[in-house]
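Structure below is run14.txt: compact mmCIF, C-alpha atoms and all ligand atoms.
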```txt
# COMPACT_ATOMS: atom_id res chain seq x y z
CA MET V 1222 121.92 61.29 78.69
CA LEU V 1223 120.32 62.00 82.05
CA PRO V 1224 118.68 65.40 82.46
CA PRO V 1225 120.53 67.73 84.84
CA SER V 1226 119.18 67.41 88.37
CA LEU V 1227 117.49 70.44 89.82
CA PRO V 1228 120.02 72.80 91.39
CA LEU V 1229 120.63 72.79 95.12
CA GLN V 1230 120.44 75.89 97.20
CA THR V 1231 124.09 76.33 98.16
CA ALA V 1232 125.59 79.30 96.36
CA PRO V 1233 129.34 78.61 96.26
CA ASP V 1234 130.38 82.26 96.55
CA ALA V 1235 128.18 83.23 99.47
CA PRO V 1236 129.53 82.78 102.98
CA GLU V 1237 127.76 79.76 104.44
CA SER V 1238 126.43 81.65 107.45
CA ILE V 1239 124.23 84.03 105.44
CA ILE V 1240 122.49 81.40 103.32
CA PRO V 1241 119.18 80.72 105.03
CA LEU V 1242 118.36 77.15 105.93
CA LEU V 1243 115.06 77.12 104.04
CA GLY V 1244 115.69 75.67 100.60
CA LYS V 1245 118.37 73.23 101.73
CA SER V 1246 117.77 69.56 101.01
CA ALA V 1247 117.87 66.82 103.67
CA PRO V 1248 121.46 65.74 102.69
CA GLU V 1249 122.59 69.39 102.81
CA LEU V 1250 121.11 69.83 106.27
CA VAL V 1251 122.78 66.63 107.46
CA GLU V 1252 126.08 67.95 106.15
CA TRP V 1253 125.47 71.28 107.83
CA VAL V 1254 124.89 69.78 111.28
CA GLN V 1255 127.84 67.41 110.86
CA GLN V 1256 130.15 70.32 110.06
CA GLN V 1257 129.28 71.54 113.52
CA GLY V 1258 130.12 68.25 115.17
CA GLN V 1259 126.50 67.12 115.55
CA PRO V 1260 125.18 63.66 114.63
CA ALA V 1261 123.46 63.16 111.26
CA TYR V 1262 120.00 62.57 112.74
CA ARG V 1263 119.95 66.20 113.91
CA GLY V 1264 119.90 67.13 110.20
CA GLN V 1265 116.78 65.04 109.72
CA GLN V 1266 115.18 66.70 112.74
CA LEU V 1267 116.05 70.10 111.32
CA HIS V 1268 114.51 69.14 107.96
CA GLN V 1269 111.28 68.04 109.64
CA TRP V 1270 111.16 71.20 111.77
CA LEU V 1271 111.73 73.52 108.78
CA TYR V 1272 109.39 71.99 106.26
CA GLN V 1273 106.70 70.21 108.29
CA GLN V 1274 106.50 72.22 111.50
CA GLY V 1275 107.07 75.69 110.06
CA GLY V 1276 109.98 76.52 112.35
CA ARG V 1277 111.00 80.18 112.32
CA SER V 1278 113.82 80.64 114.80
CA LEU V 1279 116.45 78.08 115.75
CA SER V 1280 116.27 79.19 119.36
CA ASP V 1281 112.83 77.50 119.47
CA LEU V 1282 114.15 74.13 118.35
CA SER V 1283 113.76 72.53 121.74
CA VAL V 1284 114.90 69.03 120.77
CA PHE V 1285 118.38 70.44 120.11
CA PRO V 1286 120.93 70.66 122.97
CA LYS V 1287 120.67 74.03 124.67
CA GLN V 1288 124.32 74.96 124.28
CA TRP V 1289 124.35 74.28 120.53
CA ARG V 1290 121.01 76.01 120.09
CA SER V 1291 122.40 79.22 121.55
CA GLU V 1292 125.45 78.98 119.25
CA ILE V 1293 123.29 78.74 116.12
CA ALA V 1294 120.45 81.00 117.26
CA GLU V 1295 121.44 83.74 114.80
CA VAL V 1296 121.57 81.52 111.70
CA PRO V 1297 118.78 82.78 109.41
CA VAL V 1298 115.96 80.32 108.83
CA GLY V 1299 114.61 82.29 105.86
CA ARG V 1300 110.98 82.87 106.80
CA SER V 1301 109.35 86.19 105.85
CA ASP V 1302 107.07 88.27 108.08
CA LEU V 1303 103.38 88.66 107.42
CA HIS V 1304 102.69 92.30 106.59
CA HIS V 1305 99.02 92.10 105.74
CA ARG V 1306 96.32 89.52 105.03
CA VAL V 1307 93.12 90.06 103.03
CA ALA V 1308 90.41 87.42 102.75
CA THR V 1309 87.71 87.51 100.08
CA PRO V 1310 84.18 86.09 100.26
CA ASP V 1311 85.10 83.27 97.86
CA GLY V 1312 87.71 81.98 100.33
CA THR V 1313 90.74 83.28 98.44
CA VAL V 1314 93.28 84.92 100.73
CA LYS V 1315 95.93 87.40 99.66
CA PHE V 1316 99.06 87.71 101.79
CA LEU V 1317 101.50 90.60 101.71
CA LEU V 1318 104.85 89.36 102.97
CA ARG V 1319 107.71 91.53 104.17
CA LEU V 1320 111.18 90.39 103.12
CA THR V 1321 114.35 91.06 105.14
CA ASP V 1322 115.13 94.14 102.99
CA ARG V 1323 111.58 95.39 103.72
CA GLN V 1324 110.35 94.80 100.18
CA ILE V 1325 106.77 93.57 100.05
CA ILE V 1326 105.59 90.73 97.85
CA GLU V 1327 102.20 89.17 97.34
CA THR V 1328 101.09 85.59 97.37
CA VAL V 1329 97.59 84.18 97.06
CA GLY V 1330 96.00 81.07 98.56
CA ILE V 1331 93.13 79.71 96.47
CA PRO V 1332 91.07 76.93 98.04
CA SER V 1333 88.69 74.79 96.04
CA GLU V 1334 86.85 71.58 96.79
CA LYS V 1335 89.82 69.26 96.93
CA ARG V 1336 92.72 71.59 96.29
CA LEU V 1337 94.68 74.32 97.91
CA THR V 1338 96.57 76.26 95.26
CA VAL V 1339 99.20 78.88 95.98
CA CYS V 1340 99.92 81.54 93.39
CA VAL V 1341 103.54 82.47 94.11
CA SER V 1342 105.64 85.47 93.11
CA SER V 1343 109.09 84.93 91.61
CA GLN V 1344 110.27 88.56 91.61
CA VAL V 1345 109.60 91.79 93.51
CA GLY V 1346 107.65 93.56 90.77
CA CYS V 1347 108.16 92.62 87.13
CA PRO V 1348 110.15 94.19 84.27
CA MET V 1349 107.99 92.81 81.42
CA ALA V 1350 105.48 95.70 81.54
CA CYS V 1351 102.56 93.91 79.90
CA ASP V 1352 99.96 96.56 79.20
CA PHE V 1353 97.04 94.92 81.05
CA CYS V 1354 98.94 93.73 84.14
CA ALA V 1355 99.13 95.68 87.40
CA THR V 1356 102.44 94.09 88.42
CA GLY V 1357 104.02 95.18 85.15
CA LYS V 1358 102.85 98.75 85.67
CA GLY V 1359 104.53 98.90 89.06
CA GLY V 1360 108.10 98.33 87.88
CA PHE V 1361 110.78 95.87 88.92
CA VAL V 1362 112.97 95.69 92.01
CA ARG V 1363 114.75 92.34 92.23
CA ASN V 1364 114.62 88.59 91.87
CA LEU V 1365 113.35 86.50 94.76
CA GLU V 1366 115.70 84.05 96.46
CA PRO V 1367 114.64 80.39 96.69
CA HIS V 1368 113.74 80.66 100.39
CA GLU V 1369 111.52 83.68 99.65
CA ILE V 1370 109.55 81.56 97.18
CA ILE V 1371 109.29 78.49 99.42
CA ASP V 1372 108.21 80.66 102.34
CA GLN V 1373 105.12 81.79 100.40
CA VAL V 1374 103.91 78.20 100.13
CA LEU V 1375 104.57 77.45 103.81
CA THR V 1376 102.77 80.66 104.83
CA VAL V 1377 99.62 79.67 102.94
CA GLN V 1378 99.82 76.10 104.25
CA GLU V 1379 100.06 77.32 107.84
CA ASP V 1380 97.30 79.89 107.46
CA PHE V 1381 94.84 77.44 105.93
CA ARG V 1382 95.97 74.59 108.22
CA GLN V 1383 95.80 72.43 105.16
CA ARG V 1384 98.44 70.94 102.90
CA VAL V 1385 99.09 72.88 99.73
CA SER V 1386 98.32 70.66 96.75
CA HIS V 1387 99.19 72.95 93.83
CA VAL V 1388 101.66 75.75 93.18
CA VAL V 1389 101.44 78.12 90.21
CA PHE V 1390 104.18 80.63 89.41
CA MET V 1391 101.60 83.22 88.34
CA GLY V 1392 102.09 85.86 91.00
CA MET V 1393 104.36 88.86 90.61
CA GLY V 1394 107.31 88.52 88.26
CA GLU V 1395 108.59 86.60 85.28
CA PRO V 1396 109.91 83.21 86.45
CA LEU V 1397 112.18 82.68 83.44
CA LEU V 1398 114.07 85.89 84.25
CA ASN V 1399 114.92 84.21 87.56
CA PRO V 1400 115.28 80.61 86.41
CA ASP V 1401 117.97 79.34 88.79
CA ASN V 1402 116.16 80.43 91.94
CA VAL V 1403 112.82 79.24 90.56
CA LEU V 1404 114.30 75.81 89.82
CA MET V 1405 115.87 75.61 93.28
CA ALA V 1406 112.49 76.46 94.78
CA VAL V 1407 110.77 73.84 92.58
CA ARG V 1408 113.24 71.21 93.78
CA SER V 1409 112.61 72.08 97.39
CA LEU V 1410 108.82 72.38 97.07
CA ASN V 1411 108.85 68.95 95.49
CA GLN V 1412 111.41 67.08 97.58
CA ASP V 1413 111.26 68.91 100.92
CA VAL V 1414 107.71 70.27 101.18
CA GLY V 1415 106.30 67.25 99.36
CA ILE V 1416 104.30 68.81 96.52
CA GLY V 1417 104.12 66.64 93.40
CA GLN V 1418 106.02 68.14 90.48
CA ARG V 1419 102.96 67.60 88.32
CA MET V 1420 101.05 69.92 90.63
CA ILE V 1421 103.47 72.77 89.92
CA THR V 1422 102.97 75.19 87.00
CA ILE V 1423 105.57 77.66 85.76
CA SER V 1424 104.04 80.48 83.75
CA THR V 1425 106.10 82.61 81.37
CA VAL V 1426 105.48 85.33 78.85
CA GLY V 1427 108.42 83.84 76.88
CA ILE V 1428 112.08 84.78 77.11
CA PRO V 1429 114.15 83.81 74.06
CA GLY V 1430 116.04 80.54 74.58
CA ARG V 1431 114.80 79.96 78.10
CA ILE V 1432 111.93 77.57 77.28
CA ARG V 1433 114.43 75.44 75.37
CA ARG V 1434 116.75 75.49 78.38
CA LEU V 1435 113.93 74.52 80.70
CA ALA V 1436 113.22 71.47 78.52
CA ASP V 1437 116.68 70.12 79.43
CA TYR V 1438 115.50 69.54 82.99
CA GLN V 1439 112.71 67.21 81.85
CA LEU V 1440 110.45 68.59 84.55
CA GLN V 1441 107.16 66.93 85.35
CA ALA V 1442 105.87 70.43 86.14
CA THR V 1443 103.53 72.12 83.66
CA LEU V 1444 104.77 74.94 81.47
CA ALA V 1445 102.22 77.70 80.88
CA VAL V 1446 102.93 80.27 78.18
CA SER V 1447 101.14 83.61 78.24
CA LEU V 1448 100.18 84.09 74.60
CA HIS V 1449 97.29 86.59 74.80
CA ALA V 1450 97.09 87.19 71.06
CA SER V 1451 96.65 85.26 67.84
CA ASN V 1452 99.01 87.44 65.79
CA GLN V 1453 102.24 89.34 66.23
CA GLN V 1454 100.68 92.77 65.81
CA VAL V 1455 98.23 92.44 68.68
CA ARG V 1456 100.74 90.58 70.83
CA GLN V 1457 103.47 93.16 70.64
CA HIS V 1458 100.96 95.83 71.54
CA LEU V 1459 99.98 93.95 74.71
CA VAL V 1460 103.36 92.42 75.57
CA PRO V 1461 106.21 94.87 74.82
CA SER V 1462 108.91 92.18 75.02
CA ALA V 1463 107.27 90.43 72.05
CA ARG V 1464 108.86 93.03 69.76
CA GLN V 1465 112.17 91.24 70.23
CA TYR V 1466 110.59 87.80 70.25
CA PRO V 1467 108.12 87.27 67.41
CA LEU V 1468 105.12 84.99 67.94
CA GLU V 1469 106.42 82.50 65.36
CA ALA V 1470 109.74 82.18 67.20
CA LEU V 1471 107.98 81.72 70.55
CA LEU V 1472 105.67 79.05 69.13
CA ALA V 1473 108.62 77.28 67.48
CA GLU V 1474 110.39 77.13 70.84
CA CYS V 1475 107.21 75.81 72.45
CA ARG V 1476 107.01 73.08 69.81
CA GLU V 1477 110.58 72.09 70.60
CA TYR V 1478 109.66 71.93 74.28
CA VAL V 1479 106.74 69.59 73.61
CA GLN V 1480 108.94 67.41 71.41
CA ALA V 1481 111.77 67.27 73.95
CA THR V 1482 109.60 66.63 77.01
CA GLY V 1483 106.49 64.90 75.68
CA ARG V 1484 104.48 67.24 77.88
CA ARG V 1485 101.69 69.48 76.70
CA ILE V 1486 101.88 73.24 77.11
CA SER V 1487 99.17 75.34 78.62
CA PHE V 1488 98.60 78.60 76.70
CA GLU V 1489 97.14 81.50 78.61
CA TYR V 1490 95.02 84.04 76.77
CA VAL V 1491 93.66 87.08 78.59
CA LEU V 1492 90.39 88.03 76.89
CA LEU V 1493 90.16 91.80 76.32
CA ALA V 1494 86.93 93.16 74.83
CA GLY V 1495 87.38 94.44 71.28
CA VAL V 1496 91.12 93.74 71.32
CA ASN V 1497 91.66 89.99 70.99
CA ASP V 1498 88.23 88.43 71.54
CA ARG V 1499 86.73 88.27 68.04
CA PRO V 1500 85.75 84.89 66.54
CA SER V 1501 88.33 85.58 63.83
CA HIS V 1502 91.01 85.73 66.56
CA ALA V 1503 89.87 82.34 67.81
CA LEU V 1504 90.22 80.93 64.28
CA GLU V 1505 93.66 82.48 63.89
CA LEU V 1506 94.72 81.03 67.24
CA ALA V 1507 93.39 77.63 66.28
CA GLN V 1508 95.48 77.69 63.11
CA HIS V 1509 98.64 78.22 65.15
CA LEU V 1510 97.79 75.47 67.59
CA ARG V 1511 96.48 72.80 65.25
CA GLY V 1512 98.17 69.49 66.05
CA PHE V 1513 99.98 71.10 68.97
CA GLN V 1514 99.87 69.16 72.25
CA SER V 1515 98.38 72.00 74.25
CA HIS V 1516 95.51 73.40 76.24
CA VAL V 1517 94.24 76.97 76.02
CA ASN V 1518 93.31 78.71 79.26
CA LEU V 1519 91.08 81.69 78.58
CA ILE V 1520 91.38 84.30 81.35
CA PRO V 1521 88.63 86.95 81.31
CA TYR V 1522 90.42 90.27 81.95
CA ASN V 1523 90.51 91.38 85.58
CA PRO V 1524 90.23 95.16 85.80
CA ILE V 1525 93.22 97.16 87.03
CA SER V 1526 93.25 100.85 87.83
CA ASP V 1527 95.58 102.26 85.17
CA ALA V 1528 94.52 100.36 82.06
CA ASP V 1529 91.52 101.03 79.83
CA TYR V 1530 90.65 97.48 78.89
CA GLN V 1531 87.27 95.85 79.43
CA ARG V 1532 86.31 92.29 80.19
CA PRO V 1533 84.17 90.81 77.39
CA ASP V 1534 80.65 89.81 78.43
CA GLY V 1535 79.83 86.17 79.18
CA ARG V 1536 78.30 85.48 75.76
CA ARG V 1537 81.37 86.72 73.98
CA ILE V 1538 83.65 84.62 76.20
CA GLN V 1539 81.57 81.51 75.53
CA ALA V 1540 81.54 82.23 71.79
CA PHE V 1541 85.34 82.44 71.77
CA LEU V 1542 85.58 79.16 73.65
CA ALA V 1543 83.09 77.49 71.30
CA ALA V 1544 85.00 78.71 68.24
CA LEU V 1545 88.20 77.12 69.57
CA LYS V 1546 86.45 73.87 70.42
CA GLN V 1547 84.88 73.71 66.99
CA GLN V 1548 88.41 73.73 65.64
CA HIS V 1549 89.26 70.84 68.01
CA ILE V 1550 91.45 72.97 70.23
CA ALA V 1551 91.37 71.92 73.90
CA ALA V 1552 90.35 74.99 75.87
CA SER V 1553 88.64 76.16 79.04
CA VAL V 1554 87.75 79.43 80.76
CA ARG V 1555 89.55 80.10 84.03
CA GLN V 1556 87.20 80.90 86.85
CA THR V 1557 88.01 84.26 88.40
CA ARG V 1558 88.95 84.09 92.06
CA GLY V 1559 89.97 86.76 94.53
CA LEU V 1560 88.71 89.73 92.50
CA SER V 1561 87.43 91.76 95.46
CA ALA V 1562 90.86 91.80 97.14
CA ASP V 1563 92.80 92.61 93.97
CA ALA V 1564 94.18 89.10 94.31
CA ALA V 1565 93.15 87.79 90.88
CA CYS V 1566 95.50 87.23 87.91
CA GLY V 1567 97.37 90.37 87.01
CA GLN V 1568 96.11 92.40 89.95
CA LEU V 1569 99.07 91.88 92.26
CA ARG V 1570 100.83 95.09 92.89
CA ALA V 1571 102.66 95.36 96.15
CA SER V 1572 104.54 98.35 94.78
CA GLN V 1573 101.86 100.62 96.14
CA PHE V 1574 103.11 99.51 99.55
CA ASN V 1575 106.77 99.68 98.56
CA GLY V 1576 107.42 102.89 96.70
CA VAL V 1577 109.40 101.04 94.04
CA PRO V 1578 111.45 102.99 91.49
CA PRO V 1579 109.97 103.77 88.08
CA LEU V 1580 110.23 101.10 85.44
CA GLN V 1581 113.06 102.53 83.38
CA ALA V 1582 115.34 102.87 86.39
CA ALA V 1583 114.50 99.34 87.41
CA LEU V 1584 115.18 97.93 83.95
CA LYS V 1585 118.80 99.05 84.11
CA GLY V 1586 119.49 96.30 86.58
CA VAL V 1587 118.01 93.58 84.42
CA ALA V 1588 119.90 91.45 81.95
CA PRO V 1589 118.65 91.92 78.38
CA VAL V 1590 115.83 89.53 77.62
CA ASN V 1591 117.76 87.90 74.82
CA ALA V 1592 120.78 87.18 77.02
N1 LIG Y 1601 105.10 86.62 84.05
C1 LIG Y 1601 104.41 85.38 83.98
C2 LIG Y 1601 103.62 85.01 85.23
C3 LIG Y 1601 102.78 86.06 85.91
S1 LIG Y 1601 101.22 86.52 85.26
C4 LIG Y 1601 103.52 85.33 82.77
O1 LIG Y 1601 103.34 86.36 82.13
O2 LIG Y 1601 103.02 84.27 82.43
C5 LIG Y 1601 100.11 85.21 85.38
C6 LIG Y 1601 98.99 85.31 84.33
O3 LIG Y 1601 98.06 86.37 84.62
C7 LIG Y 1601 99.56 85.61 82.96
O4 LIG Y 1601 99.00 84.83 81.98
C8 LIG Y 1601 99.17 87.07 82.83
O5 LIG Y 1601 99.21 87.49 81.54
C9 LIG Y 1601 97.81 87.09 83.45
N2 LIG Y 1601 97.31 88.45 83.71
C10 LIG Y 1601 98.04 89.56 83.89
N3 LIG Y 1601 97.25 90.65 84.06
C11 LIG Y 1601 95.98 90.21 83.99
C12 LIG Y 1601 94.70 90.85 84.14
N4 LIG Y 1601 94.61 92.15 84.39
N5 LIG Y 1601 93.60 90.09 84.01
C13 LIG Y 1601 93.69 88.76 83.79
N6 LIG Y 1601 94.87 88.10 83.67
C14 LIG Y 1601 96.00 88.81 83.77
```
What would the structure in this file look like if it were written as structure tokens?
Ligand code: SAH
Amino acid sequence: MLPPSLPLQTAPDAPESIIPLLGKSAPELVEWVQQQGQPAYRGQQLHQWLYQQGGRSLSDLSVFPKQWRSEIAEVPVGRSDLHHRVATPDGTVKFLLRLTDRQIIETVGIPSEKRLTVCVSSQVGCPMACDFCATGKGGFVRNLEPHEIIDQVLTVQEDFRQRVSHVVFMGMGEPLLNPDNVLMAVRSLNQDVGIGQRMITISTVGIPGRIRRLADYQLQATLAVSLHASNQQVRQHLVPSARQYPLEALLAECREYVQATGRRISFEYVLLAGVNDRPSHALELAQHLRGFQSHVNLIPYNPISDADYQRPDGRRIQAFLAALKQQHIAASVRQTRGLSADAACGQLRASQFNGVPPLQAALKGVAPVNA
């Protein structure tokens, strides 16, 4: 049986006129122009303008006939406004983007020798409330629409004047609480923007049943799972949602994913001094992952203002890495980027610019995690 193809943007219930153009595929754009009595090649021109030229307002599309352009001038393109931009000495740039409802989200551009990686947000805020993560402390507002995700990548590409090579869903939010829009964005980033699926990583803290569902799509993208602990007790302390989703159950679902897709999983593990960084934790982790097609990404904790954790010192980090390697577990330490602009992992918190509601109020609008 063929895997389901990635969903297209068109939401059947929404009136056509309010769905922004960004996120539509080339065939959808052709259909859209034809519905308005225009020839098919105008759809191709529109596609090129949206995804390669960074078009923002249809009234600027000068290759289109003037009369038609004025008729469609009000159709939303789906680009966000730049609210603020912060560059750090290591070249990382954090962007605060203002959405049409004035919510602010963050996205980060991370250049390295041959790459330009964008760390995208999938939600405004995040309901998961992980104890060491600034986004989680700020509460949750809403899911992002596909165009709001794609826009982040185009914004970074335009700012750096360089093609984006990699996209990681490691900004604000939990992608698997917004799977349909994330998958629509992945389709468009791949087919419209031209980013290889293998260069895209979706990171999740684990939502029951959703990793299994993701496997059905047979994505070439990498799945990253935020583990952060080698046993249930420590994990549920750090990740509150783990209380309803025991470590064993999460790992079993991950095993199914590897079996169904043949792709390895990347496990993320934030190293917190005195909490989960002992050599015995490394051994315990290795026992779980023995024979598992996986790679462990160790992330030294990035300090946030309202948590008491400490980053372990370099020796301790290297000792943890060595202990995993001795057990033949593939692992590496993620280099910290963007620290001085609060743009590193877990430091994104646009809520201080938003005045978002407190967490409990926000959670009322969220489907239960075991839905
Ligand atoms: N909700 C998703 C994606 C966003 S977080 C997830 O949990 O995977 C991206 C990564 O940054 C996760 O592994 C997260 O646990 C990690 N992270 C969060 N806060 C951090 C901090 N203060 N220091 C280092 N990494 C952090």
*Which neighbours of Cys1354 (chain V) fall inside 12 Å, counting only C-alpha atoms, when residues of the same chain fewer than 5 positions from it are skipped, and could you give them as a PyMOL selection string?*
chain V and resi 1346-1349+1359-1360+1391-1394+1426+1447+1449+1459-1461+1491+1493+1522-1530+1563+1565-1570
*State, in Å with one decimal place, the distance from CA of Ile1432 (chain V) to CA of Pro1467 (chain V).*
14.4 Å
*Coordinates-based distance that separates CA of Gly1495 (chain V) from CA of Gln1531 (chain V) (Å, one decimal)*: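 Computed distance, CA of Gln1531 (chain V) to CA of Gly1495 (chain V), equals 8.3 Å.
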*Please provide as a list in words all residues within 8 Å of region 1382-1388 of chain V, with the sequence filter that same-chain residues fewer than 3 positions apart are discarded (counting all atoms listed in the file).*
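Close residues of region 1382-1388 of chain V: Arg1336, Leu1337, Thr1338, Val1339, Cys1340, Val1341, Val1374, Val1377, Gln1378, Glu1379, Ile1416, Gly1417, Met1420, Ile1421 and Thr1422 of chain V.
Each of V:Thr1328, V:Gln1269, V:Asn1452, V:Ser1409 was compared to ligand LIG 1601 (chain Y) using only C-alpha atoms and all ligand atoms, and V:Thr1328 turns out to be the nearest.
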_Just checking: using only C-alpha atoms and all ligand atoms, which residue out of V:Leu1271, V:Leu1472, V:Val1362, V:Val1389 ends up closest to ligand LIG 1601 (chain Y)?_
V:Val1389
*Hey, what's within 12 Å of region 1243-1246 of chain V if we count only C-alpha atoms and toss same-chain stuff fewer than 2 positions away? As an MDAnalysis selection string, please?*
chainID V and resid 1227:1232 1237 1239:1241 1248:1253 1264:1265 1267:1273 1275:1279 1296:1301 1366:1375 1402:1415
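CA of Ala1442 (chain V) is positioned 28.6 Å from CA of Gln1547 (chain V).
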_Within 12 Å of Asp1322 (chain V) using only C-alpha atoms, minus same-chain residues under 4 positions, as JSON, numbers by chain_ = {"V": [1301, 1302, 1318, 1326, 1345, 1362, 1363, 1365, 1369, 1575]}
Let's have the selection written as a PDB file, in the frame of the given file, with C-alpha atoms.
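Wrote it out as part-v7.pdb, contents follow:
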```pdb
ATOM      1  CA  SER V1301     109.350  86.190 105.850  1.00  0.00           C
ATOM      2  CA  ASP V1302     107.070  88.270 108.080  1.00  0.00           C
ATOM      3  CA  LEU V1318     104.850  89.360 102.970  1.00  0.00           C
ATOM      4  CA  ILE V1326     105.590  90.730  97.850  1.00  0.00           C
ATOM      5  CA  VAL V1345     109.600  91.790  93.510  1.00  0.00           C
ATOM      6  CA  VAL V1362     112.970  95.690  92.010  1.00  0.00           C
ATOM      7  CA  ARG V1363     114.750  92.340  92.230  1.00  0.00           C
ATOM      8  CA  LEU V1365     113.350  86.500  94.760  1.00  0.00           C
ATOM      9  CA  GLU V1369     111.520  83.680  99.650  1.00  0.00           C
ATOM     10  CA  ASN V1575     106.770  99.680  98.560  1.00  0.00           C
TER      11      ASN V1575
END
```
_Who sits within 9 Å of Ala1507 (chain V), all atoms listed in the file, same chain under 3 positions skipped, as a list in words_ =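 What passes the distance filter is Ser1451, His1502, Ala1503, Leu1504, Leu1510, Arg1511, Ala1544, Leu1545, Lys1546, Gln1548, His1549 and Ile1550 of chain V.
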Include C-alpha atoms and write out the residues we just selected as a PDB file, in the frame of the given file.
```pdb
ATOM      1  CA  SER V1451      96.650  85.260  67.840  1.00  0.00           C
ATOM      2  CA  HIS V1502      91.010  85.730  66.560  1.00  0.00           C
ATOM      3  CA  ALA V1503      89.870  82.340  67.810  1.00  0.00           C
ATOM      4  CA  LEU V1504      90.220  80.930  64.280  1.00  0.00           C
ATOM      5  CA  LEU V1510      97.790  75.470  67.590  1.00  0.00           C
ATOM      6  CA  ARG V1511      96.480  72.800  65.250  1.00  0.00           C
ATOM      7  CA  ALA V1544      85.000  78.710  68.240  1.00  0.00           C
ATOM      8  CA  LEU V1545      88.200  77.120  69.570  1.00  0.00           C
ATOM      9  CA  LYS V1546      86.450  73.870  70.420  1.00  0.00           C
ATOM     10  CA  GLN V1548      88.410  73.730  65.640  1.00  0.00           C
ATOM     11  CA  HIS V1549      89.260  70.840  68.010  1.00  0.00           C
ATOM     12  CA  ILE V1550      91.450  72.970  70.230  1.00  0.00           C
TER      13      ILE V1550
END
```
*Counting all atoms listed in the file, figure out which residue out of V:Ala1350, V:Gln1266, V:Val1446, V:Asp1380 gets nearest to Val1307 (chain V).*
V:Asp1380
*Which residue, V:Arg1306, V:Ser1515, V:Ile1293, V:Leu1317, has the smallest gap to Gln1480 (chain V) when you use all atoms listed in the file?*
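Among the listed residues, V:Ser1515 lies closest to Gln1480 (chain V).
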_Of the listed residues V:Ile1423, V:Leu1242, V:Leu1435, V:Leu1542, that which approaches ligand LIG 1601 (chain Y) most closely, counting all atoms listed in the file_ =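 Residue with the minimum atom-to-atom distance to ligand LIG 1601 (chain Y): V:Ile1423.
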*asked:* Is it possible to get the residues within 7 Å of (118.9, 80.1, 118.3) (coordinates as in the file, counting all atoms listed in the file) written as an MDAnalysis selection string?
replied: chainID V and resid 1278:1281 1290:1295
_Under the rule that only C-alpha atoms and all ligand atoms are counted, which of V:Pro1225, V:Pro1396, V:Gly1312, V:Pro1332 is the nearest residue to ligand LIG 1601 (chain Y)?_
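Comparing V:Pro1225, V:Pro1396, V:Gly1312, V:Pro1332 against ligand LIG 1601 (chain Y), the winner is V:Pro1396.
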